[in-house]
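A short write-up of the structure that comes next.
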Amino acid sequence: MDLMKDWELVIGLEVHIQLATNSKIFSGAATAFGAEPNTQACAVDLGMPGVLPVLNKEAVRMAVQFGLAVDAEVNRKSVFARKNYFYPDLPKGYQISQFELPIVGRGHVDIVQKDGTIKRVGVTRAHLEEDAGKSLHEDFHGMSGIDLNRASTPLLEIVSEPDLRSAEEAVAYLKTIHGLVRYLEICDGNMAEGSMRCDANVSVRRRGEEKFGTRCEIKNVNSFRFVEKAINYEAERQIREILAGNSIRQETRLYDSTKNETRSMRSKEEANDYRYFPDPDLLPLVIDDEYIAGVKAGLPELPAAKRERFIGQYGLSNYDATVLTGSKELAAAYETLVGLVGKEPKICANWLSQELAGYLNKENLEITESKVSMEQLAALVGRILDGTISGRGGKEVLEALWAGEAEVDGIIEAKGLKQMSDTGALEAIIDQVLAGATAQVEQYRGGKTGLFGFFVGQVMKLSKGQANPGQVNDILKKKLEG
Amino acid sequence: MSLGSEEVKKIAHLARIAIDDANIPAYATNLNNILALVEQMNAVDTSSVEPMAHPLNVSQRLREDRVTEPNQRELFQGLAPKTEAGLYLVPKVIE
């Protein structure tokens, strides 16, 4: 957009991830998604008088895993605090969170941009807290319905530095966090079910300006696409306000995905005053070096390390390596494929991350739901590498495999995709082409070597696309220059 | 620091406590007395003292991540003034 040319965006994200524990952060109630309303809300979650919260060991371990994965300081002592506000889906009148002493301190994540360059984004902190319940505002005779199943589900709130400079970077950061928590298996990353949620702090400033502009916080941006759209909408709105001579009000805005706009929820003056204070029901959380070392020893290979390994071990570009290590499952599929094919890891990468991914994206499927197995794809790539079929033939085979056919060689046979690799037959076709194009042959020999493609095209046409292109090149060159 | 009647009203609102305007000066006096006491304590040099998050000098015990609570919706909803379709019904609040 033209308007943005002279302006720079400054974005920081707050990402909430639901930790994949079996039970709640402070109670023994289940956390399963989609249960009947209020069947997983116990006395502690409801804030009944006399109950006491007891911290879930696994939630602590997951938070520490995340901290180590973003190279952050893991605080040996952290404190739970009460964040006070009134809302019907918050039964106690406060949310147990962490304020002054969070479990995870300053860290960073590296995001890979489209051009393959890496940008380091600061993580300010990550803290443990409990989720609230859900309010359903459909009409219950003029009342709201409250489902407290989600109340006290463990959350890790990950706060970034205002280091992001475009909506695209914000999405890249969010995807990196998404990939990371799925590698760690601490969150299923399902944004549609609310397991991962995102608020964006957005401000704009003229390029070259050092001072940050006044920021607005956009709530409720719960898909990668909406993050991008909401940020761009909001930045444009702010620029237009400033150009019109108005100032930006610090406020919280809600993103409406159906209208693609943000609208004001509350201004700073109306902002909540949360009156944080240490929760007397919970003692300080203390963890020692030995515990942290134990968690560290159990970490899986993380995306950044895997990406470096793929570049070194398979000779992939930074971009290909990034795409393939974007999810644990895709990386595993790639390594299975390379193992089965046994060579040409770069070609394997293309068939997986471009050709097969094209079909997956079209039907919005994950690699684990692919209709073509790695065994089938390996057989296909093998037939290209041994010269049986061309790359174009390979695409036809893939189409047939995706449509449900099982066997690569059978498809090649049935569709007549086998390349003509018989030198004698190829030579006959090439001779025929050259004999019918004497003028072009003269021109070629006179130095117009650009005509080579013309001859290849004619040969392919005459062989109905079945000639092996590599062999055609060799024989043609010999005959034209001989 | 001294609280005026506006601050008293704001504090009451945050706590969702209804107060009688006539009592505001008395509340302000009481709160100011408490703040004065805090001010007095501020005179003590605590620069070498680690802030306490809890009066007990022990650390949090952790529980195993096991589901131990059965579904007791009927019991809990028996206490609620209004329920429907498994939900607690409350006056409509839309932010």
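Labels for the structure tokens follow display order: chains A, B, ..., residues from 1 in each chain, ligands from 1.
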| request: Using only C-alpha atoms, determine which residues of chain A fall within 7 Å of chain B; present them as an NGL selection string. | output: :A and (21-23 or 28-30 or 37-40 or 42 or 54-58 or 79 or 142-147 or 278 or 280 or 282-286)
| query | Excluding same-chain residues fewer than 6 positions from B:Ala28, what lies within 7 Å of it counting only C-alpha atoms, as a PyMOL selection string? | reply | chain B and resi 3-5+8
| request: Taking the chain letters and numbering used in this document, name the residues of stretch 204-308 of chain A that DSSP puts in alpha helix (DSSP H), as an MDAnalysis selection string. | output: chainID A and resid 224:243 289:297 303:308
| field | Which of chain B fall in strand (DSSP E or B), as a PyMOL selection string | value | chain B and resi 62-63+83-84+87-91
Dump all heavy atoms for the selected residues as a PDB file, in the first residue's frame?
```pdb
ATOM      1  N   LEU B  62       4.060 -28.781  44.663  1.00  0.00           N
ATOM      2  CA  LEU B  62       3.399 -29.015  43.378  1.00  0.00           C
ATOM      3  C   LEU B  62       2.588 -30.303  43.409  1.00  0.00           C
ATOM      4  O   LEU B  62       2.924 -31.241  44.139  1.00  0.00           O
ATOM      5  CB  LEU B  62       4.448 -29.100  42.265  1.00  0.00           C
ATOM      6  CG  LEU B  62       5.385 -27.889  42.155  1.00  0.00           C
ATOM      7  CD1 LEU B  62       6.446 -28.136  41.089  1.00  0.00           C
ATOM      8  CD2 LEU B  62       4.602 -26.628  41.849  1.00  0.00           C
ATOM      9  N   ARG B  63       1.503 -30.339  42.613  1.00  0.00           N
ATOM     10  CA  ARG B  63       0.749 -31.592  42.518  1.00  0.00           C
ATOM     11  C   ARG B  63       1.034 -32.272  41.189  1.00  0.00           C
ATOM     12  O   ARG B  63       1.422 -31.632  40.207  1.00  0.00           O
ATOM     13  CB  ARG B  63      -0.758 -31.411  42.673  1.00  0.00           C
ATOM     14  CG  ARG B  63      -1.431 -30.176  42.225  1.00  0.00           C
ATOM     15  CD  ARG B  63      -2.950 -30.395  42.178  1.00  0.00           C
ATOM     16  NE  ARG B  63      -3.307 -30.935  40.877  1.00  0.00           N
ATOM     17  CZ  ARG B  63      -3.461 -30.179  39.802  1.00  0.00           C
ATOM     18  NH1 ARG B  63      -3.284 -28.879  39.857  1.00  0.00           N
ATOM     19  NH2 ARG B  63      -3.790 -30.725  38.668  1.00  0.00           N
ATOM     20  N   THR B  83     -29.941 -21.575  35.965  1.00  0.00           N
ATOM     21  CA  THR B  83     -29.095 -22.320  35.027  1.00  0.00           C
ATOM     22  C   THR B  83     -29.956 -22.771  33.859  1.00  0.00           C
ATOM     23  O   THR B  83     -31.189 -22.842  33.960  1.00  0.00           O
ATOM     24  CB  THR B  83     -28.481 -23.580  35.681  1.00  0.00           C
ATOM     25  OG1 THR B  83     -29.548 -24.434  36.109  1.00  0.00           O
ATOM     26  CG2 THR B  83     -27.583 -23.241  36.854  1.00  0.00           C
ATOM     27  N   GLU B  84     -29.300 -23.050  32.750  1.00  0.00           N
ATOM     28  CA  GLU B  84     -30.007 -23.583  31.594  1.00  0.00           C
ATOM     29  C   GLU B  84     -29.007 -24.274  30.684  1.00  0.00           C
ATOM     30  O   GLU B  84     -27.912 -23.762  30.459  1.00  0.00           O
ATOM     31  CB  GLU B  84     -30.714 -22.450  30.837  1.00  0.00           C
ATOM     32  CG  GLU B  84     -31.613 -22.968  29.714  1.00  0.00           C
ATOM     33  CD  GLU B  84     -32.358 -21.831  29.018  1.00  0.00           C
ATOM     34  OE1 GLU B  84     -32.901 -20.942  29.711  1.00  0.00           O
ATOM     35  OE2 GLU B  84     -32.373 -21.839  27.781  1.00  0.00           O
ATOM     36  N   LEU B  87     -25.499 -24.332  31.609  1.00  0.00           N
ATOM     37  CA  LEU B  87     -24.802 -23.052  31.796  1.00  0.00           C
ATOM     38  C   LEU B  87     -25.335 -22.328  33.028  1.00  0.00           C
ATOM     39  O   LEU B  87     -26.504 -22.483  33.380  1.00  0.00           O
ATOM     40  CB  LEU B  87     -25.012 -22.160  30.566  1.00  0.00           C
ATOM     41  CG  LEU B  87     -24.504 -22.715  29.241  1.00  0.00           C
ATOM     42  CD1 LEU B  87     -25.116 -21.947  28.077  1.00  0.00           C
ATOM     43  CD2 LEU B  87     -22.983 -22.651  29.182  1.00  0.00           C
ATOM     44  N   TYR B  88     -24.460 -21.534  33.667  1.00  0.00           N
ATOM     45  CA  TYR B  88     -24.918 -20.607  34.691  1.00  0.00           C
ATOM     46  C   TYR B  88     -25.449 -19.380  33.963  1.00  0.00           C
ATOM     47  O   TYR B  88     -24.791 -18.874  33.061  1.00  0.00           O
ATOM     48  CB  TYR B  88     -23.754 -20.183  35.594  1.00  0.00           C
ATOM     49  CG  TYR B  88     -23.189 -21.321  36.425  1.00  0.00           C
ATOM     50  CD1 TYR B  88     -22.107 -22.078  35.961  1.00  0.00           C
ATOM     51  CD2 TYR B  88     -23.732 -21.634  37.664  1.00  0.00           C
ATOM     52  CE1 TYR B  88     -21.584 -23.119  36.712  1.00  0.00           C
ATOM     53  CE2 TYR B  88     -23.215 -22.677  38.427  1.00  0.00           C
ATOM     54  CZ  TYR B  88     -22.144 -23.418  37.950  1.00  0.00           C
ATOM     55  OH  TYR B  88     -21.634 -24.451  38.703  1.00  0.00           O
ATOM     56  N   LEU B  89     -26.641 -18.919  34.328  1.00  0.00           N
ATOM     57  CA  LEU B  89     -27.158 -17.714  33.680  1.00  0.00           C
ATOM     58  C   LEU B  89     -26.901 -16.495  34.550  1.00  0.00           C
ATOM     59  O   LEU B  89     -27.108 -16.529  35.761  1.00  0.00           O
ATOM     60  CB  LEU B  89     -28.658 -17.847  33.402  1.00  0.00           C
ATOM     61  CG  LEU B  89     -29.052 -18.909  32.382  1.00  0.00           C
ATOM     62  CD1 LEU B  89     -30.519 -18.705  31.965  1.00  0.00           C
ATOM     63  CD2 LEU B  89     -28.153 -18.921  31.159  1.00  0.00           C
ATOM     64  N   VAL B  90     -26.426 -15.436  33.906  1.00  0.00           N
ATOM     65  CA  VAL B  90     -26.111 -14.191  34.624  1.00  0.00           C
ATOM     66  C   VAL B  90     -26.684 -13.023  33.832  1.00  0.00           C
ATOM     67  O   VAL B  90     -26.947 -13.153  32.639  1.00  0.00           O
ATOM     68  CB  VAL B  90     -24.579 -13.997  34.775  1.00  0.00           C
ATOM     69  CG1 VAL B  90     -23.969 -15.136  35.567  1.00  0.00           C
ATOM     70  CG2 VAL B  90     -23.913 -13.862  33.413  1.00  0.00           C
ATOM     71  N   PRO B  91     -26.872 -11.878  34.490  1.00  0.00           N
ATOM     72  CA  PRO B  91     -27.327 -10.693  33.743  1.00  0.00           C
ATOM     73  C   PRO B  91     -26.381 -10.433  32.573  1.00  0.00           C
ATOM     74  O   PRO B  91     -25.168 -10.614  32.697  1.00  0.00           O
ATOM     75  CB  PRO B  91     -27.249  -9.569  34.777  1.00  0.00           C
ATOM     76  CG  PRO B  91     -27.334 -10.248  36.095  1.00  0.00           C
ATOM     77  CD  PRO B  91     -26.697 -11.596  35.910  1.00  0.00           C
TER      78      PRO B  91
END
```
Applying 6 Å and only C-alpha atoms, which residues near stretch 122-130 of chain A remain after dropping the ones on its own chain fewer than 3 positions away? List them as a CSV table (one decimal) with all heavy atoms, in the first residue's frame.
```csv
chain,number,residue,atom,x,y,z
A,96,ILE,N,-5.5,-15.6,38.7
A,96,ILE,CA,-4.2,-15.9,39.3
A,96,ILE,C,-3.2,-15.9,38.1
A,96,ILE,O,-3.4,-16.6,37.1
A,96,ILE,CB,-4.1,-17.2,40.0
A,96,ILE,CG1,-5.2,-17.3,41.1
A,96,ILE,CG2,-2.7,-17.4,40.6
A,96,ILE,CD1,-5.2,-18.6,41.9
A,97,SER,N,-2.3,-15.0,38.2
A,97,SER,CA,-1.3,-14.7,37.1
A,97,SER,C,0.1,-14.5,37.8
A,97,SER,O,0.2,-14.7,39.0
A,97,SER,CB,-1.7,-13.5,36.3
A,97,SER,OG,-0.9,-13.2,35.3
A,98,GLN,N,1.0,-14.1,37.0
A,98,GLN,CA,2.3,-13.7,37.5
A,98,GLN,C,2.6,-12.2,37.1
A,98,GLN,O,2.2,-11.9,36.0
A,98,GLN,CB,3.4,-14.6,37.1
A,98,GLN,CG,3.3,-16.0,37.6
A,98,GLN,CD,4.5,-16.8,37.3
A,98,GLN,OE1,4.9,-17.0,36.2
A,98,GLN,NE2,5.1,-17.4,38.4
A,102,PRO,N,7.9,-13.2,36.9
A,102,PRO,CA,7.4,-14.3,36.1
A,102,PRO,C,8.4,-15.5,36.1
A,102,PRO,O,9.6,-15.3,36.4
A,102,PRO,CB,7.3,-13.6,34.7
A,102,PRO,CG,8.4,-12.6,34.7
A,102,PRO,CD,8.5,-12.1,36.1
A,103,ILE,N,7.9,-16.6,35.6
A,103,ILE,CA,8.8,-17.8,35.6
A,103,ILE,C,9.9,-17.7,34.5
A,103,ILE,O,11.0,-18.1,34.7
A,103,ILE,CB,8.0,-19.1,35.5
A,103,ILE,CG1,8.9,-20.3,35.6
A,103,ILE,CG2,7.1,-19.1,34.2
A,103,ILE,CD1,8.2,-21.6,36.0
A,104,VAL,N,9.5,-17.0,33.4
A,104,VAL,CA,10.5,-16.9,32.3
A,104,VAL,C,10.8,-15.5,32.1
A,104,VAL,O,9.9,-14.6,31.8
A,104,VAL,CB,9.9,-17.6,31.0
A,104,VAL,CG1,10.8,-17.3,29.8
A,104,VAL,CG2,9.7,-19.1,31.2
A,105,GLY,N,12.1,-15.1,32.1
A,105,GLY,CA,12.5,-13.7,31.9
A,105,GLY,C,12.9,-13.5,30.4
A,105,GLY,O,12.3,-14.2,29.5
A,106,ARG,N,13.8,-12.6,30.2
A,106,ARG,CA,14.1,-12.2,28.8
A,106,ARG,C,14.8,-13.3,28.0
A,106,ARG,O,15.7,-13.9,28.4
A,106,ARG,CB,15.0,-11.0,29.0
A,106,ARG,CG,15.3,-10.2,27.7
A,106,ARG,CD,16.0,-8.9,28.0
A,106,ARG,NE,15.1,-7.9,28.5
A,106,ARG,CZ,14.5,-7.0,27.7
A,106,ARG,NH1,14.7,-7.1,26.4
A,106,ARG,NH2,13.7,-6.1,28.3
A,107,GLY,N,14.2,-13.4,26.7
A,107,GLY,CA,14.8,-14.4,25.8
A,107,GLY,C,14.7,-13.9,24.4
A,107,GLY,O,14.5,-12.7,24.2
A,108,HIS,N,14.7,-14.8,23.4
A,108,HIS,CA,14.6,-14.3,22.0
A,108,HIS,C,14.2,-15.5,21.1
A,108,HIS,O,14.5,-16.6,21.5
A,108,HIS,CB,15.8,-13.6,21.5
A,108,HIS,CG,17.0,-14.5,21.6
A,108,HIS,ND1,17.3,-15.4,20.6
A,108,HIS,CD2,18.0,-14.7,22.5
A,108,HIS,CE1,18.4,-16.1,21.0
A,108,HIS,NE2,18.9,-15.6,22.1
A,152,SER,N,-9.4,-21.8,34.8
A,152,SER,CA,-8.2,-22.4,35.5
A,152,SER,C,-7.4,-23.4,34.6
A,152,SER,O,-6.6,-24.1,35.0
A,152,SER,CB,-8.6,-23.1,36.8
A,152,SER,OG,-7.4,-23.2,37.6
A,153,THR,N,-7.7,-23.4,33.2
A,153,THR,CA,-6.9,-24.1,32.3
A,153,THR,C,-5.5,-23.4,32.3
A,153,THR,O,-5.5,-22.1,32.3
A,153,THR,CB,-7.5,-24.1,30.9
A,153,THR,OG1,-8.7,-24.8,31.0
A,153,THR,CG2,-6.6,-24.7,29.9
A,154,PRO,N,-4.4,-24.1,32.3
A,154,PRO,CA,-3.1,-23.4,32.4
A,154,PRO,C,-2.8,-22.6,31.1
A,154,PRO,O,-2.9,-23.2,30.0
A,154,PRO,CB,-2.1,-24.5,32.6
A,154,PRO,CG,-2.7,-25.7,32.2
A,154,PRO,CD,-4.2,-25.5,32.4
A,155,LEU,N,-2.3,-21.4,31.2
A,155,LEU,CA,-1.9,-20.6,30.1
A,155,LEU,C,-0.4,-20.2,30.3
A,155,LEU,O,0.0,-19.9,31.5
A,155,LEU,CB,-2.7,-19.3,30.0
A,155,LEU,CG,-4.2,-19.4,29.6
A,155,LEU,CD1,-4.8,-18.0,29.6
A,155,LEU,CD2,-4.4,-20.0,28.3
A,156,LEU,N,0.3,-20.0,29.2
A,156,LEU,CA,1.6,-19.3,29.3
A,156,LEU,C,1.4,-18.1,28.4
A,156,LEU,O,1.1,-18.2,27.2
A,156,LEU,CB,2.7,-20.2,28.8
A,156,LEU,CG,4.1,-19.7,28.9
A,156,LEU,CD1,4.5,-19.6,30.4
A,156,LEU,CD2,5.1,-20.6,28.2
A,157,GLU,N,1.6,-16.9,29.0
A,157,GLU,CA,1.5,-15.7,28.2
A,157,GLU,C,2.9,-15.3,27.8
A,157,GLU,O,3.7,-15.0,28.7
A,157,GLU,CB,0.8,-14.6,28.9
A,157,GLU,CG,0.7,-13.3,28.1
A,157,GLU,CD,-0.1,-12.2,28.7
A,157,GLU,OE1,-0.9,-12.4,29.6
A,157,GLU,OE2,0.2,-11.0,28.3
A,158,ILE,N,3.1,-15.2,26.5
A,158,ILE,CA,4.4,-14.9,26.0
A,158,ILE,C,4.4,-13.5,25.4
A,158,ILE,O,3.6,-13.2,24.5
A,158,ILE,CB,4.8,-15.9,24.9
A,158,ILE,CG1,4.7,-17.4,25.4
A,158,ILE,CG2,6.2,-15.6,24.3
A,158,ILE,CD1,4.5,-18.4,24.3
A,159,VAL,N,5.2,-12.6,26.0
A,159,VAL,CA,5.2,-11.2,25.6
A,159,VAL,C,6.4,-10.9,24.8
A,159,VAL,O,7.5,-11.2,25.2
A,159,VAL,CB,5.1,-10.3,26.8
A,159,VAL,CG1,5.0,-8.8,26.4
A,159,VAL,CG2,3.9,-10.7,27.7
A,160,SER,N,6.2,-10.4,23.6
A,160,SER,CA,7.4,-10.0,22.8
A,160,SER,C,7.8,-8.6,23.0
A,160,SER,O,7.0,-7.7,23.4
A,160,SER,CB,7.1,-10.3,21.3
A,160,SER,OG,6.5,-9.1,20.7
A,161,GLU,N,9.0,-8.2,22.6
A,161,GLU,CA,9.5,-6.8,22.6
A,161,GLU,C,8.8,-6.2,21.4
A,161,GLU,O,8.4,-6.9,20.4
A,161,GLU,CB,11.0,-6.8,22.4
A,161,GLU,CG,11.7,-7.2,23.7
A,161,GLU,CD,11.7,-6.2,24.7
A,161,GLU,OE1,12.3,-5.1,24.6
A,161,GLU,OE2,11.0,-6.4,25.8
```
Selection near A:Tyr334, 12 Å with only C-alpha atoms, sequence-local residues under 6 positions removed, as a PDB file with C-alpha atoms, in the first residue's frame:
```pdb
ATOM      1  CA  LYS A 306      16.938 -28.838  12.894  1.00  0.00           C
ATOM      2  CA  PHE A 310      19.018 -29.758   7.253  1.00  0.00           C
ATOM      3  CA  TYR A 314      21.080 -32.169   2.971  1.00  0.00           C
ATOM      4  CA  LEU A 316      19.090 -27.290   1.405  1.00  0.00           C
ATOM      5  CA  ASP A 320      13.633 -24.793   2.016  1.00  0.00           C
ATOM      6  CA  ALA A 321      15.072 -25.846   5.365  1.00  0.00           C
ATOM      7  CA  VAL A 323       9.700 -24.564   5.336  1.00  0.00           C
ATOM      8  CA  LEU A 324      10.490 -28.216   5.991  1.00  0.00           C
ATOM      9  CA  THR A 325      11.244 -27.702   9.678  1.00  0.00           C
ATOM     10  CA  GLY A 326       8.123 -25.546  10.153  1.00  0.00           C
ATOM     11  CA  SER A 327       6.433 -28.487  11.816  1.00  0.00           C
ATOM     12  CA  LYS A 328       7.819 -31.530  13.502  1.00  0.00           C
ATOM     13  CA  LEU A 340      13.706 -44.058   1.189  1.00  0.00           C
ATOM     14  CA  VAL A 341      14.993 -42.326  -1.944  1.00  0.00           C
ATOM     15  CA  GLY A 342      18.559 -42.488  -0.681  1.00  0.00           C
ATOM     16  CA  PRO A 345      17.761 -34.532  -0.955  1.00  0.00           C
ATOM     17  CA  LYS A 346      17.162 -31.247  -2.793  1.00  0.00           C
ATOM     18  CA  ILE A 347      14.859 -32.901  -5.351  1.00  0.00           C
ATOM     19  CA  CYS A 348      13.093 -34.722  -2.501  1.00  0.00           C
ATOM     20  CA  ALA A 349      12.580 -31.347  -0.800  1.00  0.00           C
ATOM     21  CA  ASN A 350      10.957 -29.907  -3.921  1.00  0.00           C
ATOM     22  CA  TRP A 351       8.562 -32.794  -4.346  1.00  0.00           C
ATOM     23  CA  LEU A 352       7.512 -32.597  -0.734  1.00  0.00           C
ATOM     24  CA  SER A 353       7.446 -28.865   0.017  1.00  0.00           C
ATOM     25  CA  LEU A 356       2.767 -32.447  -2.440  1.00  0.00           C
ATOM     26  CA  ALA A 357       2.344 -29.335  -0.279  1.00  0.00           C
ATOM     27  CA  ILE A 367       1.147 -33.659   6.290  1.00  0.00           C
ATOM     28  CA  THR A 368      -0.105 -36.344   8.674  1.00  0.00           C
ATOM     29  CA  SER A 373       2.342 -41.639   1.645  1.00  0.00           C
ATOM     30  CA  MET A 374       6.079 -41.008   1.795  1.00  0.00           C
ATOM     31  CA  GLU A 375       6.575 -44.519   0.393  1.00  0.00           C
ATOM     32  CA  LEU A 377       6.267 -40.250  -3.069  1.00  0.00           C
ATOM     33  CA  ALA A 378       9.663 -41.958  -2.747  1.00  0.00           C
TER      34      ALA A 378
END
```
Tell me, as a compact mmCIF listing (two decimals) with N, CA, C and O atoms, in the first residue's frame, which residues lie within 7 Å of A:Arg205, counting only C-alpha atoms; anything in the same chain fewer than 4 positions away does not count.
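What follows is the written file part.txt:
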```txt
# COMPACT_ATOMS: atom_id res chain seq x y z
N TRP A 7 5.99 5.29 6.27
CA TRP A 7 5.71 4.97 7.66
C TRP A 7 6.28 3.62 8.04
O TRP A 7 6.39 2.72 7.22
N GLU A 8 6.59 3.51 9.33
CA GLU A 8 7.08 2.25 9.84
C GLU A 8 6.12 1.77 10.92
O GLU A 8 5.64 2.55 11.73
N LEU A 9 5.87 0.48 10.91
CA LEU A 9 5.01 -0.11 11.94
C LEU A 9 5.88 -0.61 13.10
O LEU A 9 6.99 -1.10 12.88
N GLU A 209 12.03 8.29 12.31
CA GLU A 209 11.64 8.76 13.64
C GLU A 209 12.08 7.73 14.67
O GLU A 209 11.97 6.53 14.45
N PHE A 212 8.61 6.08 19.60
CA PHE A 212 7.45 5.26 19.26
C PHE A 212 6.20 6.13 19.24
O PHE A 212 6.09 7.08 20.01
N GLY A 213 5.24 5.78 18.39
CA GLY A 213 3.95 6.45 18.41
C GLY A 213 3.09 5.87 19.53
O GLY A 213 3.50 4.96 20.24
```
| query | If you measure from atom CA of A:Thr262 to atom CA of A:Lys175, what distance in Å do you get, rounded to one decimal? | reply |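 Computing the Euclidean distance for atom CA of A:Thr262 and atom CA of A:Lys175 yields 22.3 Å.
Nearest residue to A:Thr438, choosing from A:Asp188, A:Leu337, A:Phe455, A:Glu241 and counting only C-alpha atoms: A:Phe455.
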